[in-house]
Structure formats: C-alpha cells, structure tokens
$ cat my_file_33.pdb   # PDB, C-alpha atoms
ATOM      1  CA  MET P  59      -6.707 107.633   3.090  1.00  0.00           C
ATOM      2  CA  SER P  60      -4.408 105.684   5.400  1.00  0.00           C
ATOM      3  CA  ASN P  61      -1.067 107.124   6.466  1.00  0.00           C
ATOM      4  CA  ARG P  62       1.959 105.649   4.777  1.00  0.00           C
ATOM      5  CA  ASP P  63       4.148 104.968   7.774  1.00  0.00           C
ATOM      6  CA  THR P  64       5.115 101.304   7.563  1.00  0.00           C
ATOM      7  CA  TYR P  65       8.173  99.669   6.016  1.00  0.00           C
ATOM      8  CA  ARG P  66       8.299  96.144   4.602  1.00  0.00           C
ATOM      9  CA  TYR P  67      11.648  94.467   5.083  1.00  0.00           C
ATOM     10  CA  HIS P  68      13.720  91.326   4.802  1.00  0.00           C
ATOM     11  CA  ILE P  69      16.400  90.260   7.275  1.00  0.00           C
ATOM     12  CA  LYS P  70      19.183  88.700   5.241  1.00  0.00           C
ATOM     13  CA  ARG P  71      22.480  86.956   5.812  1.00  0.00           C
ATOM     14  CA  GLY P  72      24.301  86.928   2.517  1.00  0.00           C
ATOM     15  CA  ASN P  73      21.641  86.201  -0.109  1.00  0.00           C
ATOM     16  CA  GLU P  74      19.459  84.158   2.261  1.00  0.00           C
ATOM     17  CA  ILE P  75      16.240  85.713   3.564  1.00  0.00           C
ATOM     18  CA  LEU P  76      15.925  84.747   7.229  1.00  0.00           C
ATOM     19  CA  HIS P  77      12.821  86.769   8.082  1.00  0.00           C
ATOM     20  CA  ARG P  78      10.196  88.980   6.460  1.00  0.00           C
ATOM     21  CA  GLY P  79       8.389  91.623   8.410  1.00  0.00           C
ATOM     22  CA  ILE P  80       6.938  95.090   8.785  1.00  0.00           C
ATOM     23  CA  THR P  81       7.817  97.979  11.080  1.00  0.00           C
ATOM     24  CA  ASN P  82       7.533 101.718  11.487  1.00  0.00           C
ATOM     25  CA  ASP P  83      11.172 101.971  12.687  1.00  0.00           C
ATOM     26  CA  LEU P  84      13.773 100.131  10.583  1.00  0.00           C
ATOM     27  CA  ASP P  85      16.748 101.014  12.801  1.00  0.00           C
ATOM     28  CA  ARG P  86      15.103  99.748  15.986  1.00  0.00           C
ATOM     29  CA  ARG P  87      13.902  96.565  14.281  1.00  0.00           C
ATOM     30  CA  HIS P  88      17.340  95.892  12.803  1.00  0.00           C
ATOM     31  CA  ALA P  89      18.932  96.183  16.257  1.00  0.00           C
ATOM     32  CA  GLU P  90      16.353  93.725  17.652  1.00  0.00           C
ATOM     33  CA  HIS P  91      17.008  91.202  14.880  1.00  0.00           C
ATOM     34  CA  LYS P  92      20.783  91.482  15.363  1.00  0.00           C
ATOM     35  CA  GLN P  93      20.237  90.297  18.949  1.00  0.00           C
ATOM     36  CA  THR P  94      18.018  87.415  17.781  1.00  0.00           C
ATOM     37  CA  TYR P  95      20.245  86.220  14.928  1.00  0.00           C
ATOM     38  CA  ASP P  96      23.755  87.702  14.953  1.00  0.00           C
ATOM     39  CA  SER P  97      25.597  90.873  14.049  1.00  0.00           C
ATOM     40  CA  GLU P  98      26.115  89.672  10.449  1.00  0.00           C
ATOM     41  CA  VAL P  99      22.463  90.083   9.428  1.00  0.00           C
ATOM     42  CA  ARG P 100      21.299  93.121   7.519  1.00  0.00           C
ATOM     43  CA  ILE P 101      17.907  94.691   6.979  1.00  0.00           C
ATOM     44  CA  VAL P 102      16.750  95.320   3.419  1.00  0.00           C
ATOM     45  CA  LYS P 103      13.804  97.616   2.810  1.00  0.00           C
ATOM     46  CA  VAL P 104      11.318  96.141   0.332  1.00  0.00           C
ATOM     47  CA  GLY P 105       9.558  98.658  -1.898  1.00  0.00           C
ATOM     48  CA  PRO P 106       8.266 102.061  -0.815  1.00  0.00           C
ATOM     49  CA  ILE P 107       6.792 102.990   2.568  1.00  0.00           C
ATOM     50  CA  VAL P 108       3.132 101.908   2.668  1.00  0.00           C
ATOM     51  CA  SER P 109       0.061 101.991   4.898  1.00  0.00           C
ATOM     52  CA  ARG P 110      -0.114  99.601   7.845  1.00  0.00           C
ATOM     53  CA  ASP P 111      -3.042  97.756   6.205  1.00  0.00           C
ATOM     54  CA  SER P 112      -1.104  97.260   2.985  1.00  0.00           C
ATOM     55  CA  ALA P 113       1.969  96.084   4.893  1.00  0.00           C
ATOM     56  CA  LEU P 114      -0.086  93.575   6.884  1.00  0.00           C
ATOM     57  CA  ARG P 115      -1.554  92.138   3.658  1.00  0.00           C
ATOM     58  CA  TRP P 116       1.967  91.808   2.223  1.00  0.00           C
ATOM     59  CA  GLU P 117       3.151  90.037   5.380  1.00  0.00           C
ATOM     60  CA  ARG P 118       0.168  87.633   5.393  1.00  0.00           C
ATOM     61  CA  GLU P 119       0.859  86.769   1.735  1.00  0.00           C
ATOM     62  CA  GLY P 120       4.397  85.746   2.657  1.00  0.00           C
ATOM     63  CA  GLY P 121       6.075  88.841   1.293  1.00  0.00           C
ATOM     64  CA  ARG P 122       5.588  87.800  -2.312  1.00  0.00           C
ATOM     65  CA  ARG P 123       4.104  90.964  -3.767  1.00  0.00           C
ATOM     66  CA  ILE P 124       6.042  94.191  -3.862  1.00  0.00           C
TER      67      ILE P 124
END
$ encode --input "my_file_33.pdb" --output "structure tokens"
Amino acid sequence: MSNRDTYRYHIKRGNEILHRGITNDLDRRHAEHKQTYDSEVRIVKVGPIVSRDSALRWEREGGRRI
C-alpha cells in the first residue's frame, strides 16, 4: 500500500482557480505561489491526503475528480 503523503490543492484568487497542483508541503507551496502570483492568492486543499500516485492521476485529469 502506498503512503498517503500528498495533498491536492487549488490556488485561488476570489472564486477563480488560478492553478491546480499537488504537494507534500502545503505551507511551502503556498509561499512559492504567493511569489509567483501575488499575496492575495490562497491555497485550498482538495479532498483528503492521498498517495503520490493517486495525486498524479488527479493532476493529469485536470483536477476534475475528488
């Protein structure tokens, strides 16, 4: 069984999704995205923590399935 250590997330400004991604460290990734976009963006965790393989499938599918 694979370790569940990966978060799926959206970077949002208001209700707009600017980016979908996966990470094992939400705080670090949020700080990186704030530098890329601006300080107004927020990170929203999508669903429960999952395995890396599952997260990669979700990302490849465009973040449609939760």
$ atom_distance --input "my_file_33.pdb" --atom1 "atom CA of Lys92 of chain P" --atom2 "atom CA of His77 of chain P"
11.8 Å
$ atom_distance --input "my_file_33.pdb" --atom1 "atom CA of Val108 of chain P" --atom2 "atom CA of His88 of chain P"
18.5 Å
$ closest_residue --input "my_file_33.pdb" --among "P:Ala89, P:Ile69, P:Leu114, P:Ile80" --to "Val102 of chain P" --atoms "only C-alpha atoms"
P:Ile69
$ residues_near_point --input "my_file_33.pdb" --point "(7.1, 83.0, 1.5)" --cutoff "12 Å" --atoms "all atoms listed in the file" --output "list in words"
His68, Ile75, Leu76, His77, Arg78, Gly79, Trp116, Glu117, Arg118, Glu119, Gly120, Gly121, Arg122 and Arg123 of chain P
$ atom_distance --input "my_file_33.pdb" --atom1 "atom CA of Gly72 of chain P" --atom2 "atom CA of Ser112 of chain P"
27.4 Å
$ resolve_selection --input "my_file_33.pdb" --expression "the PyMOL selection byres ((chain P and resi 104) around 9)" --output "number ranges by chain"
P: 65-68, 102-103, 105-107, 124
$ axis_aligned_box --input "my_file_33.pdb" --around "segment 78-97 of chain P" --padding-each-side "6 Å" --output "JSON"
{"center_x": 16.3, "center_y": 94.1, "center_z": 12.7, "size_x": 30.7, "size_y": 27.8, "size_z": 24.5}
$ build_atoms --input "my_file_33.pdb" --residues "segment 60-76 of chain P" --atoms "N, CA and C atoms" --output "short mmCIF file (atom, residue, chain, number, x, y, z; two decimals), keeping the file's coordinate frame"
data_model
loop_
_atom_site.label_atom_id
_atom_site.label_comp_id
_atom_site.auth_asym_id
_atom_site.auth_seq_id
_atom_site.Cartn_x
_atom_site.Cartn_y
_atom_site.Cartn_z
N SER P 60 -5.27 106.12 4.30
CA SER P 60 -4.41 105.68 5.40
C SER P 60 -3.03 106.33 5.29
N ASN P 61 -2.43 106.58 6.45
CA ASN P 61 -1.07 107.12 6.47
C ASN P 61 -0.08 106.08 5.97
N ARG P 62 0.88 106.53 5.22
CA ARG P 62 1.96 105.65 4.78
C ARG P 62 3.09 105.81 5.78
N ASP P 63 3.18 104.86 6.69
CA ASP P 63 4.15 104.97 7.77
C ASP P 63 4.80 103.64 8.12
N THR P 64 4.64 102.65 7.24
CA THR P 64 5.12 101.30 7.56
C THR P 64 6.05 100.79 6.47
N TYR P 65 7.18 100.25 6.92
CA TYR P 65 8.17 99.67 6.02
C TYR P 65 7.98 98.16 5.95
N ARG P 66 8.20 97.60 4.78
CA ARG P 66 8.30 96.14 4.60
C ARG P 66 9.79 95.84 4.50
N TYR P 67 10.21 94.75 5.09
CA TYR P 67 11.65 94.47 5.08
C TYR P 67 11.94 92.98 5.08
N HIS P 68 13.16 92.67 4.68
CA HIS P 68 13.72 91.33 4.80
C HIS P 68 14.94 91.43 5.71
N ILE P 69 15.14 90.43 6.54
CA ILE P 69 16.40 90.26 7.28
C ILE P 69 17.18 89.21 6.50
N LYS P 70 18.39 89.59 6.09
CA LYS P 70 19.18 88.70 5.24
C LYS P 70 20.57 88.47 5.84
N ARG P 71 21.07 87.28 5.56
CA ARG P 71 22.48 86.96 5.81
C ARG P 71 23.00 86.46 4.47
N GLY P 72 23.89 87.22 3.89
CA GLY P 72 24.30 86.93 2.52
C GLY P 72 23.10 87.12 1.60
N ASN P 73 22.81 86.13 0.77
CA ASN P 73 21.64 86.20 -0.11
C ASN P 73 20.42 85.50 0.48
N GLU P 74 20.56 84.91 1.65
CA GLU P 74 19.46 84.16 2.26
C GLU P 74 18.53 85.08 3.05
N ILE P 75 17.24 84.98 2.79
CA ILE P 75 16.24 85.71 3.56
C ILE P 75 15.92 84.88 4.80
N LEU P 76 16.18 85.44 5.97
CA LEU P 76 15.92 84.75 7.23
C LEU P 76 14.55 85.09 7.80
#
